[in-house]
Amino acid sequence: MGEPLVGRMREFGTTVFATMTKLAVETGAINLGQGFPDTDGPQRMLEHAAEAIRGGFNQYPPGPGVPELRQAVSDHRKQWYGLAYDPDGEVLVTVGATEAITAAVLALCEPGDEVVVFEPYYDSYAAAVAMAGAVRRAVTLRVDAGRFTFDPAELEAAVGPRTRAILVNSPHNPTGTVFTREELEVVARVCQERDLIAITDEVYEHLTFDGVEHVPLATLPGMRERTVMISSAGKSFSVTGWKTGWICAPAPLVAAAQTVKQFLTFTASAPWQLAVAYALREEMAWVAAQRAALEAKRDRLAAGLEAAGFGVLRPAGTYFVQTDIRPLGFADGLELARRLPELAGVVAIPTQVFYDHPGRGRHFLRFAFCKRDEVIDEAVTRLRRLGGTARPAV
Ligand code: PMP
Ligand code: GLN
């Protein structure tokens with residue numbers, strides 16, 4: 001039979017998150033790899049989901065999403081960002097942000113079109129682009145003054161006659177960068193000058209630290225009309241397993257994404273939609289407290305990693321901290337990530353797998369801090385063993 005998998009998906013294999021979580025389970029290591037919290041979201045929201053199930057809310061909801069959630073998403077966008085989206089036609093509920101991104105790319109990109117991404121990029125972007133038969137063009141985020149940023153000239157150079165869209169993720173996984181208004185203005189200018197669609201992944205919109213503000217690209221002048229804005233309940237409400245996301249965009253863009261989405265999954269699970277509608281209205285104070293707790297966890301893990309000898313790049317948002325492994329005498333993050341359970345009983349993510357130019361991310365490891373304090377402390381205690389184990393040129 002030969003290789004059954006189609007050529008365009010062969011580079012993907014198993015996601016790094018599944019691989020590293022499996023490694024953690026097999027070795028009993030502390031899992032600071034895959035980004036999921038080890039505590040639950042707001043209690044009343046969980047009860048709303050249970051009540052929805054018990055109340056018989058268990059059949060197919062409407063394809064675009066239940067009206068209560070579309071209205072709550074619309075109101076949330078208005079209240080937080082001053083953006084008006086009509087819940088009938090400009091909001092589409094999806095199976096997580098992942099489906100939203102994939103549906104948008106499949107709906108908007110012809111085979112051979114190019115999509116610009118910032119590397120390191122969230123892994124599903126590359127797969128979505130490949131499924132569409134499109135081509136990705138990576139613009140590298142480089143460390144400057146302690147944070148990852150891009151060179152505007154590199155962004156402009158990455159855009160060519162076949163470029164259709166730019167995928168923008170801010171707050172950014174895996175670097176923790178929150179794009180500044182100035183950086184977003186560069187993206188907005190390029191989108192408008194070159195007539196591109198922006199697909200924005202804003203799943204960490206509420207998880208920013210040190211008073212840093214998340215600016216949605218769609219709020220910049222001229223951008224709402226060409227932006228497909230994507231978010232998800234998973235991160236804001238600590239329910240990554242609920243896979244409830246949404247798209248907000250002008251009606252023709254939403255209609256395009258919905259045309260694809262209806263044949264991927266038709267609709268998203270019903271009970272979570274009601275619970276998330278409740279949470280968007282009533283649990284934003286819980287989210288604010290969660291944000292503050294995460295900021296403290298970031299500080300806790302960052303300090304611990306520094307004490308263990310890593311170079312630490314403090315994130316302004318997300319669940320993740322990037323570290324430079326070279327001060328410990330290591331050179332290759334992929335190699336170190338594979339050995340980390342044995343060396344220190346901890347699992348982390350090798351950042352280089354998120355690059356088209358892996359050499360540029362070879363010396364980074366990503367650690368998740370969305371964990372209970374005692375878990376972070378135990379991981380740090382274990383990682384302090386590493387100082388003695390490093391051998392040059394691993
Ligand atoms: N985008 C980014 C940047 C993410 O980190 C994640 C997941 N954790 C997703 C998308 C996927 O979100 P969801 O689980 O809602 O599909
Ligand atoms: N977004 C999570 C992370 O970056 C993982 C999501 C997944 O497992 N696909 O760790």
# chains A, B, ... in the order shown; residues from 1 in each chain; ligands from 1

call {"tool": "residues_near_ligand", "arguments": {"ligand": "ligand 2", "cutoff": "9 Å", "atoms": "only C-alpha atoms and all ligand atoms", "output": "ChimeraX atom specification"}}
result
/A:15-18,21,32-36,98,122-124,173-174,235,240,319-320,349,368

call {"tool": "residues_around", "arguments": {"residues": "Ser170 (chain A)", "least_positions_apart": "4", "cutoff": "6 Å", "atoms": "only C-alpha atoms", "output": "JSON list (two decimals) with N, CA, C and O atoms, in the first residue's frame"}}
result
[["chain", "number", "residue", "atom", "x", "y", "z"],
["A", 178, "VAL", "N", 3.66, 40.11, 23.74],
["A", 178, "VAL", "CA", 2.39, 40.78, 23.42],
["A", 178, "VAL", "C", 2.77, 41.91, 22.47],
["A", 178, "VAL", "O", 3.54, 42.80, 22.85],
["A", 179, "PHE", "N", 2.28, 41.85, 21.25],
["A", 179, "PHE", "CA", 2.67, 42.88, 20.28],
["A", 179, "PHE", "C", 2.22, 44.26, 20.77],
["A", 179, "PHE", "O", 1.10, 44.43, 21.25],
["A", 202, "GLU", "N", -6.19, 35.22, 19.17],
["A", 202, "GLU", "CA", -6.11, 36.03, 20.39],
["A", 202, "GLU", "C", -6.55, 35.22, 21.62],
["A", 202, "GLU", "O", -7.15, 35.75, 22.55]]

call {"tool": "closest_atom_pairs", "arguments": {"of": "chain A", "to": "ligand 1", "cutoff": "7 Å", "atoms": "only C-alpha atoms and all ligand atoms", "output": "Markdown table"}}
result
| residue | atom | partner | partner_atom_place_in_ligand_line | distance |
| --- | --- | --- | --- | --- |
| A:Gly35 | CA | ligand 1 | 8 (N) | 6.3 |
| A:Val95 | CA | ligand 1 | 16 (O) | 6.6 |
| A:Gly96 | CA | ligand 1 | 15 (O) | 3.3 |
| A:Ala97 | CA | ligand 1 | 16 (O) | 3.9 |
| A:Thr98 | CA | ligand 1 | 16 (O) | 3.7 |
| A:Glu99 | CA | ligand 1 | 16 (O) | 6.4 |
| A:Tyr122 | CA | ligand 1 | 3 (C) | 5.4 |
| A:Asn169 | CA | ligand 1 | 3 (C) | 6.2 |
| A:His172 | CA | ligand 1 | 3 (C) | 6.2 |
| A:Asn173 | CA | ligand 1 | 3 (C) | 4.8 |
| A:Asp201 | CA | ligand 1 | 1 (N) | 5.8 |
| A:Val203 | CA | ligand 1 | 1 (N) | 5.9 |
| A:Ser232 | CA | ligand 1 | 15 (O) | 4.7 |
| A:Ala233 | CA | ligand 1 | 15 (O) | 6.5 |
| A:Gly234 | CA | ligand 1 | 15 (O) | 5.3 |
| A:Thr240 | CA | ligand 1 | 14 (O) | 5.4 |
| A:Lys243 | CA | ligand 1 | 15 (O) | 4.9 |
| A:Thr244 | CA | ligand 1 | 15 (O) | 5.9 |
| A:Gly245 | CA | ligand 1 | 15 (O) | 5.4 |

call {"tool": "write_last_selection", "arguments": {"atoms": "all heavy atoms", "output": "short mmCIF file (atom, residue, chain, number, x, y, z; two decimals), in the first residue's frame"}}
result
data_model
loop_
_atom_site.label_atom_id
_atom_site.label_comp_id
_atom_site.auth_asym_id
_atom_site.auth_seq_id
_atom_site.Cartn_x
_atom_site.Cartn_y
_atom_site.Cartn_z
N GLY A 35 0.49 23.24 27.41
CA GLY A 35 -0.09 24.32 28.20
C GLY A 35 -1.53 24.06 28.60
O GLY A 35 -2.44 24.37 27.86
N VAL A 95 -15.18 24.78 17.11
CA VAL A 95 -14.64 23.78 18.03
C VAL A 95 -13.22 24.23 18.41
O VAL A 95 -12.22 23.83 17.82
CB VAL A 95 -14.64 22.38 17.41
CG1 VAL A 95 -14.12 21.35 18.40
CG2 VAL A 95 -16.06 22.00 16.97
N GLY A 96 -13.17 25.14 19.35
CA GLY A 96 -11.89 25.73 19.75
C GLY A 96 -11.37 26.71 18.72
O GLY A 96 -11.91 26.83 17.61
N ALA A 97 -10.31 27.41 19.12
CA ALA A 97 -9.65 28.31 18.17
C ALA A 97 -9.02 27.51 17.05
O ALA A 97 -8.89 27.99 15.92
CB ALA A 97 -8.59 29.13 18.91
N THR A 98 -8.65 26.27 17.34
CA THR A 98 -7.98 25.45 16.33
C THR A 98 -8.86 25.28 15.09
O THR A 98 -8.41 25.49 13.97
CB THR A 98 -7.64 24.06 16.91
OG1 THR A 98 -6.91 24.25 18.13
CG2 THR A 98 -6.80 23.24 15.95
N GLU A 99 -10.13 24.93 15.32
CA GLU A 99 -11.01 24.78 14.15
C GLU A 99 -11.24 26.13 13.47
O GLU A 99 -11.34 26.20 12.24
CB GLU A 99 -12.36 24.18 14.55
CG GLU A 99 -13.16 23.84 13.30
CD GLU A 99 -14.64 23.61 13.55
OE1 GLU A 99 -15.25 24.28 14.42
OE2 GLU A 99 -15.21 22.76 12.85
N TYR A 122 2.56 28.70 16.56
CA TYR A 122 1.74 27.61 17.10
C TYR A 122 1.58 26.53 16.03
O TYR A 122 1.28 26.84 14.87
CB TYR A 122 0.39 28.17 17.54
CG TYR A 122 -0.47 27.14 18.20
CD1 TYR A 122 -0.04 26.49 19.35
CD2 TYR A 122 -1.70 26.80 17.68
CE1 TYR A 122 -0.80 25.51 19.95
CE2 TYR A 122 -2.49 25.83 18.28
CZ TYR A 122 -2.03 25.19 19.41
OH TYR A 122 -2.78 24.22 20.00
N ASN A 169 -0.58 36.16 15.97
CA ASN A 169 -0.92 35.60 17.28
C ASN A 169 -0.35 36.51 18.37
O ASN A 169 0.85 36.60 18.54
CB ASN A 169 -0.33 34.18 17.39
CG ASN A 169 -0.46 33.56 18.76
OD1 ASN A 169 0.41 32.80 19.17
ND2 ASN A 169 -1.51 33.86 19.47
N HIS A 172 1.49 36.02 22.23
CA HIS A 172 2.07 35.04 21.34
C HIS A 172 2.59 33.78 22.05
O HIS A 172 3.41 33.88 22.97
CB HIS A 172 3.23 35.69 20.56
CG HIS A 172 3.87 34.81 19.55
ND1 HIS A 172 5.02 34.09 19.81
CD2 HIS A 172 3.53 34.52 18.28
CE1 HIS A 172 5.35 33.40 18.73
NE2 HIS A 172 4.46 33.64 17.79
N ASN A 173 2.07 32.65 21.60
CA ASN A 173 2.59 31.34 21.99
C ASN A 173 3.54 30.88 20.88
O ASN A 173 3.11 30.86 19.72
CB ASN A 173 1.40 30.38 22.12
CG ASN A 173 1.82 28.97 22.51
OD1 ASN A 173 2.96 28.72 22.84
ND2 ASN A 173 0.87 28.05 22.44
N ASP A 201 -5.11 35.28 16.07
CA ASP A 201 -5.32 34.28 17.12
C ASP A 201 -5.09 34.99 18.45
O ASP A 201 -3.96 35.31 18.80
CB ASP A 201 -4.32 33.13 16.90
CG ASP A 201 -4.38 32.08 17.99
OD1 ASP A 201 -4.98 32.34 19.06
OD2 ASP A 201 -3.78 31.01 17.78
N VAL A 203 -6.23 33.93 21.61
CA VAL A 203 -6.73 33.07 22.70
C VAL A 203 -6.20 33.49 24.08
O VAL A 203 -6.85 33.22 25.08
CB VAL A 203 -6.44 31.56 22.48
CG1 VAL A 203 -7.11 31.05 21.22
CG2 VAL A 203 -4.97 31.25 22.47
N SER A 232 -11.09 31.98 22.15
CA SER A 232 -11.52 30.69 22.67
C SER A 232 -11.71 30.80 24.17
O SER A 232 -11.08 31.62 24.83
CB SER A 232 -10.44 29.66 22.33
OG SER A 232 -10.53 28.52 23.14
N ALA A 233 -12.59 29.96 24.70
CA ALA A 233 -12.82 29.95 26.15
C ALA A 233 -11.73 29.22 26.91
O ALA A 233 -11.56 29.42 28.11
CB ALA A 233 -14.16 29.29 26.45
N GLY A 234 -10.98 28.37 26.23
CA GLY A 234 -10.07 27.45 26.90
C GLY A 234 -9.11 28.13 27.86
O GLY A 234 -8.95 27.69 29.00
N THR A 240 -9.41 24.12 28.88
CA THR A 240 -8.83 23.82 27.56
C THR A 240 -9.51 22.62 26.92
O THR A 240 -9.51 22.48 25.70
CB THR A 240 -7.31 23.58 27.65
OG1 THR A 240 -7.08 22.45 28.50
CG2 THR A 240 -6.58 24.79 28.20
N LYS A 243 -12.90 23.07 24.29
CA LYS A 243 -12.79 23.31 22.85
C LYS A 243 -13.96 24.15 22.32
O LYS A 243 -14.71 23.72 21.42
CB LYS A 243 -12.70 21.97 22.09
CG LYS A 243 -11.53 21.10 22.50
CD LYS A 243 -10.18 21.73 22.21
CE LYS A 243 -9.92 21.94 20.74
NZ LYS A 243 -8.52 22.45 20.52
N THR A 244 -14.14 25.30 22.91
CA THR A 244 -15.19 26.21 22.47
C THR A 244 -14.54 27.53 22.08
O THR A 244 -13.99 28.24 22.93
CB THR A 244 -16.22 26.43 23.60
OG1 THR A 244 -16.77 25.15 23.93
CG2 THR A 244 -17.33 27.36 23.17
N GLY A 245 -14.57 27.84 20.79
CA GLY A 245 -13.94 29.05 20.29
C GLY A 245 -14.89 29.83 19.41
O GLY A 245 -16.07 29.45 19.26
#

call {"tool": "residues_around", "arguments": {"residues": "region 41-50 of chain A", "least_positions_apart": "4", "cutoff": "9 Å", "atoms": "only C-alpha atoms", "output": "mmCIF file with all heavy atoms, in the first residue's frame"}}
result
data_model
loop_
_atom_site.group_PDB
_atom_site.id
_atom_site.type_symbol
_atom_site.label_atom_id
_atom_site.label_comp_id
_atom_site.auth_asym_id
_atom_site.auth_seq_id
_atom_site.Cartn_x
_atom_site.Cartn_y
_atom_site.Cartn_z
ATOM 1 N N ARG A 54 -28.029 18.259 32.120
ATOM 2 C CA ARG A 54 -29.196 17.695 32.825
ATOM 3 C C ARG A 54 -30.507 18.271 32.301
ATOM 4 O O ARG A 54 -31.535 17.609 32.318
ATOM 5 C CB ARG A 54 -29.082 17.945 34.331
ATOM 6 C CG ARG A 54 -28.137 16.956 35.008
ATOM 7 C CD ARG A 54 -28.322 16.986 36.525
ATOM 8 N NE ARG A 54 -27.942 18.282 37.075
ATOM 9 C CZ ARG A 54 -26.721 18.566 37.524
ATOM 10 N NH1 ARG A 54 -25.764 17.656 37.489
ATOM 11 N NH2 ARG A 54 -26.451 19.754 37.993
ATOM 12 N N GLY A 55 -30.434 19.503 31.808
ATOM 13 C CA GLY A 55 -31.646 20.165 31.311
ATOM 14 C C GLY A 55 -32.009 19.766 29.891
ATOM 15 O O GLY A 55 -32.918 20.350 29.297
ATOM 16 N N SER A 236 -9.029 31.648 28.734
ATOM 17 C CA SER A 236 -9.590 32.670 29.626
ATOM 18 C C SER A 236 -10.243 32.029 30.848
ATOM 19 O O SER A 236 -10.163 32.560 31.952
ATOM 20 C CB SER A 236 -10.640 33.512 28.887
ATOM 21 O OG SER A 236 -10.043 34.225 27.840
ATOM 22 N N PHE A 237 -10.896 30.880 30.658
ATOM 23 C CA PHE A 237 -11.659 30.274 31.747
ATOM 24 C C PHE A 237 -11.092 28.930 32.206
ATOM 25 O O PHE A 237 -11.795 28.150 32.877
ATOM 26 C CB PHE A 237 -13.130 30.114 31.311
ATOM 27 C CG PHE A 237 -13.783 31.425 30.944
ATOM 28 C CD1 PHE A 237 -14.131 31.708 29.631
ATOM 29 C CD2 PHE A 237 -14.016 32.399 31.905
ATOM 30 C CE1 PHE A 237 -14.724 32.919 29.282
ATOM 31 C CE2 PHE A 237 -14.603 33.615 31.573
ATOM 32 C CZ PHE A 237 -14.961 33.874 30.258
ATOM 33 N N SER A 238 -9.840 28.651 31.849
ATOM 34 C CA SER A 238 -9.174 27.416 32.312
ATOM 35 C C SER A 238 -9.976 26.157 31.993
ATOM 36 O O SER A 238 -10.125 25.270 32.834
ATOM 37 C CB SER A 238 -8.906 27.471 33.829
ATOM 38 O OG SER A 238 -7.916 28.426 34.108
ATOM 39 N N VAL A 239 -10.487 26.083 30.774
ATOM 40 C CA VAL A 239 -11.193 24.867 30.335
ATOM 41 C C VAL A 239 -10.683 24.479 28.947
ATOM 42 O O VAL A 239 -11.435 24.478 27.969
ATOM 43 C CB VAL A 239 -12.735 25.047 30.324
ATOM 44 C CG1 VAL A 239 -13.304 24.915 31.722
ATOM 45 C CG2 VAL A 239 -13.153 26.385 29.699
ATOM 46 N N PRO A 271 -23.618 21.961 25.340
ATOM 47 C CA PRO A 271 -23.661 22.420 26.737
ATOM 48 C C PRO A 271 -22.605 23.464 27.071
ATOM 49 O O PRO A 271 -22.868 24.412 27.811
ATOM 50 C CB PRO A 271 -23.430 21.147 27.551
ATOM 51 C CG PRO A 271 -23.574 20.020 26.613
ATOM 52 C CD PRO A 271 -23.387 20.525 25.232
ATOM 53 N N TRP A 272 -21.403 23.296 26.502
ATOM 54 C CA TRP A 272 -20.330 24.252 26.812
ATOM 55 C C TRP A 272 -20.686 25.649 26.320
ATOM 56 O O TRP A 272 -20.279 26.645 26.897
ATOM 57 C CB TRP A 272 -18.999 23.847 26.187
ATOM 58 C CG TRP A 272 -18.728 22.376 26.126
ATOM 59 C CD1 TRP A 272 -18.330 21.663 25.050
ATOM 60 C CD2 TRP A 272 -18.803 21.443 27.197
ATOM 61 N NE1 TRP A 272 -18.177 20.352 25.372
ATOM 62 C CE2 TRP A 272 -18.457 20.187 26.681
ATOM 63 C CE3 TRP A 272 -19.157 21.539 28.544
ATOM 64 C CZ2 TRP A 272 -18.448 19.035 27.455
ATOM 65 C CZ3 TRP A 272 -19.143 20.396 29.323
ATOM 66 C CH2 TRP A 272 -18.792 19.164 28.771
ATOM 67 N N GLN A 273 -21.436 25.684 25.229
ATOM 68 C CA GLN A 273 -21.743 27.002 24.658
ATOM 69 C C GLN A 273 -22.566 27.839 25.637
ATOM 70 O O GLN A 273 -22.314 29.031 25.813
ATOM 71 C CB GLN A 273 -22.484 26.853 23.329
ATOM 72 C CG GLN A 273 -21.622 26.235 22.239
ATOM 73 C CD GLN A 273 -22.246 26.423 20.865
ATOM 74 O OE1 GLN A 273 -22.703 27.493 20.511
ATOM 75 N NE2 GLN A 273 -22.252 25.355 20.075
ATOM 76 N N LEU A 274 -23.534 27.201 26.289
ATOM 77 C CA LEU A 274 -24.346 27.944 27.263
ATOM 78 C C LEU A 274 -23.492 28.370 28.457
ATOM 79 O O LEU A 274 -23.616 29.485 28.963
ATOM 80 C CB LEU A 274 -25.501 27.080 27.763
ATOM 81 C CG LEU A 274 -26.706 26.930 26.841
ATOM 82 C CD1 LEU A 274 -27.839 26.228 27.589
ATOM 83 C CD2 LEU A 274 -27.181 28.286 26.320
ATOM 84 N N ALA A 275 -22.617 27.471 28.897
ATOM 85 C CA ALA A 275 -21.788 27.782 30.060
ATOM 86 C C ALA A 275 -20.804 28.913 29.738
ATOM 87 O O ALA A 275 -20.565 29.798 30.565
ATOM 88 C CB ALA A 275 -21.030 26.530 30.503
ATOM 89 N N VAL A 276 -20.257 28.909 28.530
ATOM 90 C CA VAL A 276 -19.309 29.966 28.158
ATOM 91 C C VAL A 276 -20.044 31.297 27.990
ATOM 92 O O VAL A 276 -19.529 32.362 28.356
ATOM 93 C CB VAL A 276 -18.527 29.579 26.878
ATOM 94 C CG1 VAL A 276 -17.702 30.745 26.370
ATOM 95 C CG2 VAL A 276 -17.620 28.372 27.164
ATOM 96 N N TYR A 278 -22.568 32.224 29.718
ATOM 97 C CA TYR A 278 -22.686 32.706 31.106
ATOM 98 C C TYR A 278 -21.360 33.319 31.585
ATOM 99 O O TYR A 278 -21.328 34.412 32.150
ATOM 100 C CB TYR A 278 -23.105 31.544 32.034
ATOM 101 C CG TYR A 278 -22.708 31.773 33.462
ATOM 102 C CD1 TYR A 278 -23.463 32.600 34.279
ATOM 103 C CD2 TYR A 278 -21.522 31.218 33.966
ATOM 104 C CE1 TYR A 278 -23.058 32.871 35.586
ATOM 105 C CE2 TYR A 278 -21.121 31.474 35.264
ATOM 106 C CZ TYR A 278 -21.883 32.300 36.066
ATOM 107 O OH TYR A 278 -21.472 32.581 37.336
ATOM 108 N N ALA A 279 -20.263 32.607 31.325
ATOM 109 C CA ALA A 279 -18.968 33.053 31.854
ATOM 110 C C ALA A 279 -18.544 34.390 31.245
ATOM 111 O O ALA A 279 -18.008 35.261 31.942
ATOM 112 C CB ALA A 279 -17.901 31.983 31.600
ATOM 113 N N GLU A 282 -20.554 36.911 33.241
ATOM 114 C CA GLU A 282 -20.546 36.985 34.709
ATOM 115 C C GLU A 282 -19.214 36.652 35.369
ATOM 116 O O GLU A 282 -19.095 36.801 36.575
ATOM 117 C CB GLU A 282 -21.611 36.026 35.289
ATOM 118 C CG GLU A 282 -23.018 36.218 34.749
ATOM 119 C CD GLU A 282 -23.635 37.545 35.175
ATOM 120 O OE1 GLU A 282 -23.135 38.162 36.145
ATOM 121 O OE2 GLU A 282 -24.599 37.969 34.509
ATOM 122 N N GLU A 283 -18.254 36.148 34.628
ATOM 123 C CA GLU A 283 -17.051 35.637 35.305
ATOM 124 C C GLU A 283 -15.780 36.394 34.908
ATOM 125 O O GLU A 283 -14.677 35.872 35.076
ATOM 126 C CB GLU A 283 -16.888 34.141 35.037
ATOM 127 C CG GLU A 283 -18.008 33.283 35.613
ATOM 128 C CD GLU A 283 -17.975 33.180 37.150
ATOM 129 O OE1 GLU A 283 -17.058 33.757 37.780
ATOM 130 O OE2 GLU A 283 -18.879 32.520 37.700
ATOM 131 N N TRP A 286 -13.448 36.752 37.765
ATOM 132 C CA TRP A 286 -12.649 35.526 37.984
ATOM 133 C C TRP A 286 -11.436 35.540 37.049
ATOM 134 O O TRP A 286 -10.312 35.195 37.457
ATOM 135 C CB TRP A 286 -13.516 34.285 37.725
ATOM 136 C CG TRP A 286 -12.802 32.999 37.994
ATOM 137 C CD1 TRP A 286 -12.806 32.282 39.152
ATOM 138 C CD2 TRP A 286 -11.935 32.295 37.079
ATOM 139 N NE1 TRP A 286 -12.003 31.175 39.029
ATOM 140 C CE2 TRP A 286 -11.453 31.154 37.776
ATOM 141 C CE3 TRP A 286 -11.517 32.510 35.782
ATOM 142 C CZ2 TRP A 286 -10.582 30.238 37.194
ATOM 143 C CZ3 TRP A 286 -10.643 31.597 35.190
ATOM 144 C CH2 TRP A 286 -10.184 30.481 35.895
ATOM 145 N N VAL A 287 -11.651 35.956 35.809
ATOM 146 C CA VAL A 287 -10.551 35.997 34.840
ATOM 147 C C VAL A 287 -9.472 36.985 35.310
ATOM 148 O O VAL A 287 -8.271 36.709 35.213
ATOM 149 C CB VAL A 287 -11.063 36.379 33.430
ATOM 150 C CG1 VAL A 287 -9.900 36.527 32.447
ATOM 151 C CG2 VAL A 287 -12.056 35.337 32.922
#

call {"tool": "select_by_dssp", "arguments": {"residues": "region 207-337 of chain A", "states": "strand (DSSP E)", "output": "compact mmCIF listing (two decimals) with C-alpha atoms, in the first residue's frame"}}
result
# COMPACT_ATOMS: atom_id res chain seq x y z
CA THR A 227 -9.54 40.87 10.02
CA VAL A 228 -10.77 37.44 11.06
CA MET A 229 -10.56 37.71 14.85
CA ILE A 230 -10.34 34.41 16.71
CA SER A 231 -10.54 33.54 20.38
CA SER A 232 -11.52 30.69 22.67
CA GLY A 245 -13.94 29.05 20.29
CA TRP A 246 -15.28 31.74 17.99
CA ILE A 247 -14.63 33.92 15.00
CA CYS A 248 -15.67 37.57 14.75
CA GLY A 311 18.61 32.36 30.69
CA VAL A 312 15.04 33.54 31.21
CA LEU A 313 12.98 35.67 28.83
CA PHE A 320 4.74 30.21 28.85
CA VAL A 321 8.27 31.29 29.60
CA GLN A 322 11.09 30.88 27.13
CA THR A 323 14.51 29.95 28.38
CA ASP A 324 17.95 29.97 26.83

call {"tool": "residues_around", "arguments": {"residues": "region 80-84 of chain A", "least_positions_apart": "6", "cutoff": "9 Å", "atoms": "only C-alpha atoms", "output": "PyMOL selection string"}}
result
chain A and resi 74+215-216+218-219+224

call {"tool": "atom_distance", "arguments": {"atom1": "CA of Asp210 (chain A)", "atom2": "CA of Ala303 (chain A)"}}
result
15.8 Å

call {"tool": "residues_around", "arguments": {"residues": "Gly133 (chain A)", "least_positions_apart": "2", "cutoff": "6 Å", "atoms": "only C-alpha atoms", "output": "VMD selection string"}}
result
chain A and resid 111 130 to 131

call {"tool": "residues_around", "arguments": {"residues": "region 290-293 of chain A", "least_positions_apart": "3", "cutoff": "8 Å", "atoms": "only C-alpha atoms", "output": "JSON list (two decimals) with N, CA, C and O atoms, in the first residue's frame"}}
result
[["chain", "number", "residue", "atom", "x", "y", "z"],
["A", 206, "HIS", "N", -6.82, 37.78, 27.49],
["A", 206, "HIS", "CA", -6.97, 38.29, 28.86],
["A", 206, "HIS", "C", -5.79, 37.93, 29.76],
["A", 206, "HIS", "O", -5.78, 38.30, 30.93],
["A", 207, "LEU", "N", -4.82, 37.21, 29.22],
["A", 207, "LEU", "CA", -3.71, 36.75, 30.07],
["A", 207, "LEU", "C", -2.44, 37.55, 29.75],
["A", 207, "LEU", "O", -1.49, 37.03, 29.18],
["A", 208, "THR", "N", -2.47, 38.83, 30.13],
["A", 208, "THR", "CA", -1.28, 39.69, 29.97],
["A", 208, "THR", "C", -0.87, 40.20, 31.34],
["A", 208, "THR", "O", -1.70, 40.29, 32.25],
["A", 209, "PHE", "N", 0.41, 40.55, 31.47],
["A", 209, "PHE", "CA", 0.97, 40.86, 32.79],
["A", 209, "PHE", "C", 1.58, 42.26, 32.84],
["A", 209, "PHE", "O", 1.82, 42.88, 31.80],
["A", 286, "TRP", "N", -13.45, 36.75, 37.76],
["A", 286, "TRP", "CA", -12.65, 35.53, 37.98],
["A", 286, "TRP", "C", -11.44, 35.54, 37.05],
["A", 286, "TRP", "O", -10.31, 35.20, 37.46],
["A", 287, "VAL", "N", -11.65, 35.96, 35.81],
["A", 287, "VAL", "CA", -10.55, 36.00, 34.84],
["A", 287, "VAL", "C", -9.47, 36.98, 35.31],
["A", 287, "VAL", "O", -8.27, 36.71, 35.21],
["A", 296, "ALA", "N", 1.86, 36.00, 39.07],
["A", 296, "ALA", "CA", 2.68, 35.55, 40.20],
["A", 296, "ALA", "C", 3.36, 34.21, 39.87],
["A", 296, "ALA", "O", 4.52, 33.97, 40.25],
["A", 297, "LYS", "N", 2.67, 33.35, 39.17],
["A", 297, "LYS", "CA", 3.26, 32.06, 38.79],
["A", 297, "LYS", "C", 4.40, 32.26, 37.79],
["A", 297, "LYS", "O", 5.42, 31.57, 37.83]]

call {"tool": "residues_around", "arguments": {"residues": "Glu378 (chain A)", "least_positions_apart": "6", "cutoff": "12 Å", "atoms": "only C-alpha atoms", "output": "JSON, numbers by chain"}}
result
{"A": [29, 30, 31, 32, 300, 301, 304, 305, 344, 345, 346, 371, 372, 384, 385]}

call {"tool": "closest_residue", "arguments": {"among": "A:Ile325, A:Ala302, A:Ala72, A:Ala288", "to": "Phe369 (chain A)", "atoms": "only C-alpha atoms"}}
result
A:Ala302

call {"tool": "closest_atom_pairs", "arguments": {"of": "region 185-209 of chain A", "to": "region 250-254 of chain A", "cutoff": "12 Å", "atoms": "only C-alpha atoms", "output": "Markdown table"}}
result
| residue | atom | partner | partner_atom | distance |
| --- | --- | --- | --- | --- |
| A:Ile197 | CA | A:Leu253 | CA | 9.5 |
| A:Ala198 | CA | A:Leu253 | CA | 11.0 |
| A:Ile199 | CA | A:Leu253 | CA | 10.5 |

call {"tool": "write_last_selection", "arguments": {"atoms": "N, CA, C and O atoms", "output": "short mmCIF file (atom, residue, chain, number, x, y, z; two decimals), in the first residue's frame"}}
result
data_model
loop_
_atom_site.label_atom_id
_atom_site.label_comp_id
_atom_site.auth_asym_id
_atom_site.auth_seq_id
_atom_site.Cartn_x
_atom_site.Cartn_y
_atom_site.Cartn_z
N ILE A 197 -5.59 39.70 4.08
CA ILE A 197 -6.48 39.41 5.20
C ILE A 197 -5.62 39.12 6.42
O ILE A 197 -4.59 38.44 6.31
N ALA A 198 -6.03 39.62 7.58
CA ALA A 198 -5.35 39.25 8.83
C ALA A 198 -6.21 38.22 9.56
O ALA A 198 -7.41 38.43 9.73
N ILE A 199 -5.58 37.12 9.92
CA ILE A 199 -6.25 36.12 10.75
C ILE A 199 -5.57 36.23 12.11
O ILE A 199 -4.37 35.98 12.22
#

call {"tool": "closest_residue", "arguments": {"among": "A:Leu108, A:Leu141, A:Ala134, A:Leu328", "to": "Leu386 (chain A)", "atoms": "only C-alpha atoms"}}
result
A:Leu328

call {"tool": "select_by_dssp", "arguments": {"residues": "region 164-275 of chain A", "states": "alpha helix (DSSP H)", "output": "number ranges by chain"}}
result
A: 181-193, 233-236, 251-264, 270-275

call {"tool": "closest_residue", "arguments": {"among": "A:Gly211, A:Arg8, A:Ala307, A:Thr140", "to": "Ala157 (chain A)", "atoms": "only C-alpha atoms"}}
result
A:Thr140

call {"tool": "closest_residue", "arguments": {"among": "A:Thr14, A:Thr163, A:Thr19, A:Thr94", "to": "Arg194 (chain A)", "atoms": "only C-alpha atoms"}}
result
A:Thr163
